[in-house]
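Have a look at the structure below before the remarks.
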Amino acid sequence: MNTSMDRLTDSSIGTMEILQVEPHTLEQGLLTAEEPELKVRYMEELIRRILPEEDEQIERIHTMIDQIHHNRDIIRVEQVSECFHMSPRSLQRLFKQYVGVSPKWVIRLYRLQNAAEMLDGLDHQDVLELAMDMGYYDQSHFIRDFKAVIGKTPEVYMRER
């Protein structure tokens with residue numbers, strides 16, 4: 001399947017469309033393989049048949065996402081585009097094609113995961129201070145984003161840990 005990943009975002013896709021195998025056939029192949037290793041081998045064979053050709057952009061995307069993940073100072077798309085010497089628009093097109101979401105979305109996800117990790121430790125108890133440390137301009141925007149990604153407000157998250 002050769003399609004832009006943004007077409008798949010927030011959607012489901014069947015085994016027939018991806019693996020070119022009927023769901024019943026897939027189920028039978030997995031159920032008849034008694035050992036876990038045989039189940040894995042069966043799936044590997046199905047996946048190998050449909051692997052796309054090697055694409056140098058994949059490694060580039062992985063490097064970008066690793067940079068976003070590990071560099072907590074990255075809070076804007078422009079910082080990523082400067083780091084990788086490409087325009088913000090080119091970066092957005094690349095993410096749309098290969099990741100299915102915008103670089104801004106990826107940055108936001110990692111920032112909020114970092115915030116949750118900080119709340120797990122005793123580093124931050126003050127939500128306003130944490131919001132500012134994460135690059136947010138106001139506490140309410142941070143709380144709204146945190147809840148959207150983590151599933152609960154920072155206060156509830158801290159109480160439950």
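Chains: A, B, ... in order of the structure tokens. Residues: from 1 per chain. Ligands: from 1, in order shown.
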For this session: Excluding Gln79 (chain A) and any residue of its chain fewer than 5 positions from it, enumerate the residues within 12 Å of it, using only C-alpha atoms, and give them as a list in words.
Result: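 The contact residues come out as Met64, Gln67, Ile68, Asn71, Arg72, Asp73, Ile74, Phe84, His85, Met86, Ser87, Pro88, Leu91, Pro103, Lys104 and Ile107 of chain A.
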Those residues you just picked out, can you put them in a file as a tab-separated table (two decimals), in the first residue's frame with all heavy atoms?
```
chain	number	residue	atom	x	y	z
A	64	MET	N	14.48	12.92	13.05
A	64	MET	CA	13.75	14.12	13.48
A	64	MET	C	12.91	13.85	14.73
A	64	MET	O	12.92	14.63	15.68
A	64	MET	CB	12.83	14.62	12.36
A	64	MET	CG	13.56	15.19	11.20
A	64	MET	SD	12.38	15.60	9.89
A	64	MET	CE	13.47	16.28	8.67
A	67	GLN	N	15.05	13.52	17.73
A	67	GLN	CA	15.51	14.85	18.17
A	67	GLN	C	14.41	15.55	18.96
A	67	GLN	O	14.67	16.13	20.02
A	67	GLN	CB	15.91	15.68	16.94
A	67	GLN	CG	16.40	17.06	17.26
A	67	GLN	CD	17.79	17.07	17.87
A	67	GLN	OE1	18.46	16.07	18.00
A	67	GLN	NE2	18.22	18.24	18.29
A	68	ILE	N	13.18	15.49	18.46
A	68	ILE	CA	12.04	16.11	19.16
A	68	ILE	C	11.85	15.46	20.53
A	68	ILE	O	11.63	16.12	21.53
A	68	ILE	CB	10.76	16.00	18.32
A	68	ILE	CG1	10.86	16.88	17.07
A	68	ILE	CG2	9.52	16.36	19.14
A	68	ILE	CD1	9.79	16.61	16.03
A	71	ASN	N	15.24	16.25	22.87
A	71	ASN	CA	15.62	17.64	23.10
A	71	ASN	C	14.41	18.39	23.65
A	71	ASN	O	13.55	18.83	22.91
A	71	ASN	CB	16.12	18.29	21.81
A	71	ASN	CG	16.65	19.68	22.03
A	71	ASN	OD1	16.42	20.30	23.07
A	71	ASN	ND2	17.35	20.19	21.04
A	72	ARG	N	14.37	18.53	24.94
A	72	ARG	CA	13.21	19.17	25.60
A	72	ARG	C	13.11	20.66	25.32
A	72	ARG	O	12.11	21.28	25.65
A	72	ARG	CB	13.26	18.91	27.11
A	72	ARG	CG	13.02	17.45	27.42
A	72	ARG	CD	12.98	17.19	28.89
A	72	ARG	NE	12.70	15.77	29.10
A	72	ARG	CZ	12.22	15.28	30.20
A	72	ARG	NH1	11.97	16.07	31.22
A	72	ARG	NH2	12.00	14.00	30.33
A	73	ASP	N	14.14	21.23	24.70
A	73	ASP	CA	14.09	22.65	24.36
A	73	ASP	C	13.28	22.90	23.09
A	73	ASP	O	12.94	24.05	22.80
A	73	ASP	CB	15.50	23.21	24.18
A	73	ASP	CG	16.27	23.24	25.50
A	73	ASP	OD1	15.63	23.37	26.56
A	73	ASP	OD2	17.51	23.12	25.46
A	74	ILE	N	13.00	21.86	22.33
A	74	ILE	CA	12.22	22.04	21.10
A	74	ILE	C	10.75	22.21	21.46
A	74	ILE	O	10.12	21.31	22.01
A	74	ILE	CB	12.40	20.85	20.14
A	74	ILE	CG1	13.84	20.80	19.62
A	74	ILE	CG2	11.41	20.93	18.98
A	74	ILE	CD1	14.14	19.64	18.71
A	84	PHE	N	17.21	20.78	10.81
A	84	PHE	CA	17.34	19.87	9.67
A	84	PHE	C	17.42	20.59	8.33
A	84	PHE	O	17.30	19.97	7.28
A	84	PHE	CB	16.20	18.84	9.69
A	84	PHE	CG	16.36	17.86	10.82
A	84	PHE	CD1	15.74	18.08	12.03
A	84	PHE	CD2	17.18	16.75	10.68
A	84	PHE	CE1	15.92	17.20	13.09
A	84	PHE	CE2	17.35	15.87	11.73
A	84	PHE	CZ	16.73	16.08	12.94
A	85	HIS	N	17.63	21.90	8.39
A	85	HIS	CA	17.87	22.71	7.19
A	85	HIS	C	16.79	22.54	6.12
A	85	HIS	O	17.09	22.22	4.97
A	85	HIS	CB	19.26	22.42	6.60
A	85	HIS	CG	20.34	22.48	7.62
A	85	HIS	ND1	20.74	23.65	8.24
A	85	HIS	CD2	21.09	21.49	8.18
A	85	HIS	CE1	21.70	23.39	9.11
A	85	HIS	NE2	21.93	22.10	9.10
A	86	MET	N	15.54	22.73	6.56
A	86	MET	CA	14.45	22.68	5.61
A	86	MET	C	13.37	23.67	6.05
A	86	MET	O	13.32	24.03	7.22
A	86	MET	CB	13.89	21.26	5.46
A	86	MET	CG	13.34	20.64	6.72
A	86	MET	SD	12.98	18.87	6.59
A	86	MET	CE	12.09	18.72	5.10
A	87	SER	N	12.56	24.08	5.12
A	87	SER	CA	11.52	25.05	5.47
A	87	SER	C	10.44	24.39	6.33
A	87	SER	O	10.24	23.17	6.23
A	87	SER	CB	10.88	25.61	4.19
A	87	SER	OG	10.07	24.63	3.58
A	88	PRO	N	9.76	25.17	7.16
A	88	PRO	CA	8.67	24.60	7.95
A	88	PRO	C	7.61	23.91	7.08
A	88	PRO	O	7.08	22.87	7.44
A	88	PRO	CB	8.09	25.81	8.69
A	88	PRO	CG	9.22	26.76	8.79
A	88	PRO	CD	10.00	26.57	7.52
A	91	LEU	N	8.85	20.55	5.97
A	91	LEU	CA	8.79	19.67	7.14
A	91	LEU	C	7.36	19.18	7.36
A	91	LEU	O	7.13	17.99	7.59
A	91	LEU	CB	9.30	20.40	8.38
A	91	LEU	CG	9.40	19.60	9.66
A	91	LEU	CD1	10.48	18.54	9.55
A	91	LEU	CD2	9.69	20.52	10.83
A	103	PRO	N	4.28	18.00	12.46
A	103	PRO	CA	5.38	18.07	13.43
A	103	PRO	C	4.95	18.79	14.71
A	103	PRO	O	5.41	18.44	15.79
A	103	PRO	CB	6.48	18.84	12.69
A	103	PRO	CG	5.85	19.41	11.48
A	103	PRO	CD	4.61	18.66	11.21
A	104	LYS	N	4.05	19.75	14.58
A	104	LYS	CA	3.54	20.45	15.77
A	104	LYS	C	2.84	19.47	16.70
A	104	LYS	O	3.01	19.52	17.93
A	104	LYS	CB	2.56	21.55	15.34
A	104	LYS	CG	1.99	22.34	16.48
A	104	LYS	CD	1.05	23.43	15.98
A	104	LYS	CE	0.45	24.20	17.14
A	104	LYS	NZ	-0.42	25.27	16.69
A	107	ILE	N	5.54	17.39	18.47
A	107	ILE	CA	6.20	18.21	19.50
A	107	ILE	C	5.29	18.31	20.73
A	107	ILE	O	5.73	18.13	21.86
A	107	ILE	CB	6.56	19.60	18.95
A	107	ILE	CG1	7.67	19.49	17.91
A	107	ILE	CG2	6.96	20.55	20.08
A	107	ILE	CD1	7.88	20.76	17.09
```
For this session: Among the residues of region 6-96 of chain A, find those DSSP assigns to alpha helix (DSSP H) from the backbone and print them as a ChimeraX atom specification.
Result: /A:15-19,23-32,36-50,56-70,77-83,88-96
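A straight line drawn from CA of Glu54 (chain A) to CA of Gln97 (chain A) is 15.3 Å long.
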Exercise. If you measure from CA of Trp105 (chain A) to CA of Glu53 (chain A), what distance in Å do you get, rounded to one decimal?
Worked result: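 Between CA of Trp105 (chain A) and CA of Glu53 (chain A) the gap is 27.3 Å.
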Exercise. For Ala115 (chain A), which residue out of A:Gly100, A:Gly14, A:Pro23, A:Gly135 is the nearest one, using only C-alpha atoms?
Worked result: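 The shortest atom-to-atom distance to Ala115 (chain A) comes from A:Gly135.
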Exercise. What gap, in Å, lies between CA of Ala116 (chain A) and CA of Met158 (chain A)?
Worked result: 8.8 Å
For this session: Excluding Asp120 (chain A) and any residue of its chain fewer than 5 positions from it, enumerate the residues within 12 Å of it, using only C-alpha atoms, and give them as a PyMOL selection string.
Result: chain A and resi 113-115+125+154-155+157-161
Keeping only N, CA and C atoms, write the selected residues as a PDB file, in the first residue's frame.
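Written file, part.pdb:
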```pdb
ATOM      1  N   GLN A 113       4.114  14.469  27.348  1.00  0.00           N
ATOM      2  CA  GLN A 113       4.663  13.266  27.988  1.00  0.00           C
ATOM      3  C   GLN A 113       5.782  13.650  28.957  1.00  0.00           C
ATOM      4  N   ASN A 114       6.607  14.599  28.557  1.00  0.00           N
ATOM      5  CA  ASN A 114       7.657  15.093  29.448  1.00  0.00           C
ATOM      6  C   ASN A 114       7.052  15.721  30.692  1.00  0.00           C
ATOM      7  N   ALA A 115       5.969  16.464  30.524  1.00  0.00           N
ATOM      8  CA  ALA A 115       5.299  17.086  31.678  1.00  0.00           C
ATOM      9  C   ALA A 115       4.782  16.008  32.629  1.00  0.00           C
ATOM     10  N   GLN A 125       5.419  20.550  41.446  1.00  0.00           N
ATOM     11  CA  GLN A 125       4.112  20.453  42.079  1.00  0.00           C
ATOM     12  C   GLN A 125       3.237  21.620  41.627  1.00  0.00           C
ATOM     13  N   PRO A 154      -3.635  17.812  35.107  1.00  0.00           N
ATOM     14  CA  PRO A 154      -2.414  17.610  35.880  1.00  0.00           C
ATOM     15  C   PRO A 154      -2.693  17.371  37.371  1.00  0.00           C
ATOM     16  N   GLU A 155      -3.687  18.075  37.932  1.00  0.00           N
ATOM     17  CA  GLU A 155      -4.008  17.912  39.356  1.00  0.00           C
ATOM     18  C   GLU A 155      -4.485  16.488  39.644  1.00  0.00           C
ATOM     19  N   TYR A 157      -3.914  13.867  37.786  1.00  0.00           N
ATOM     20  CA  TYR A 157      -2.768  13.002  37.504  1.00  0.00           C
ATOM     21  C   TYR A 157      -1.850  12.916  38.725  1.00  0.00           C
ATOM     22  N   MET A 158      -1.536  14.071  39.332  1.00  0.00           N
ATOM     23  CA  MET A 158      -0.663  14.091  40.510  1.00  0.00           C
ATOM     24  C   MET A 158      -1.322  13.375  41.698  1.00  0.00           C
ATOM     25  N   ARG A 159      -2.625  13.592  41.891  1.00  0.00           N
ATOM     26  CA  ARG A 159      -3.316  12.955  43.009  1.00  0.00           C
ATOM     27  C   ARG A 159      -3.313  11.428  42.873  1.00  0.00           C
ATOM     28  N   GLU A 160      -3.436  10.942  41.648  1.00  0.00           N
ATOM     29  CA  GLU A 160      -3.550   9.502  41.423  1.00  0.00           C
ATOM     30  C   GLU A 160      -2.211   8.776  41.393  1.00  0.00           C
ATOM     31  N   ARG A 161      -1.105   9.510  41.303  1.00  0.00           N
ATOM     32  CA  ARG A 161       0.168   8.807  41.220  1.00  0.00           C
ATOM     33  C   ARG A 161       0.645   8.368  42.538  1.00  0.00           C
TER      34      ARG A 161
END
```
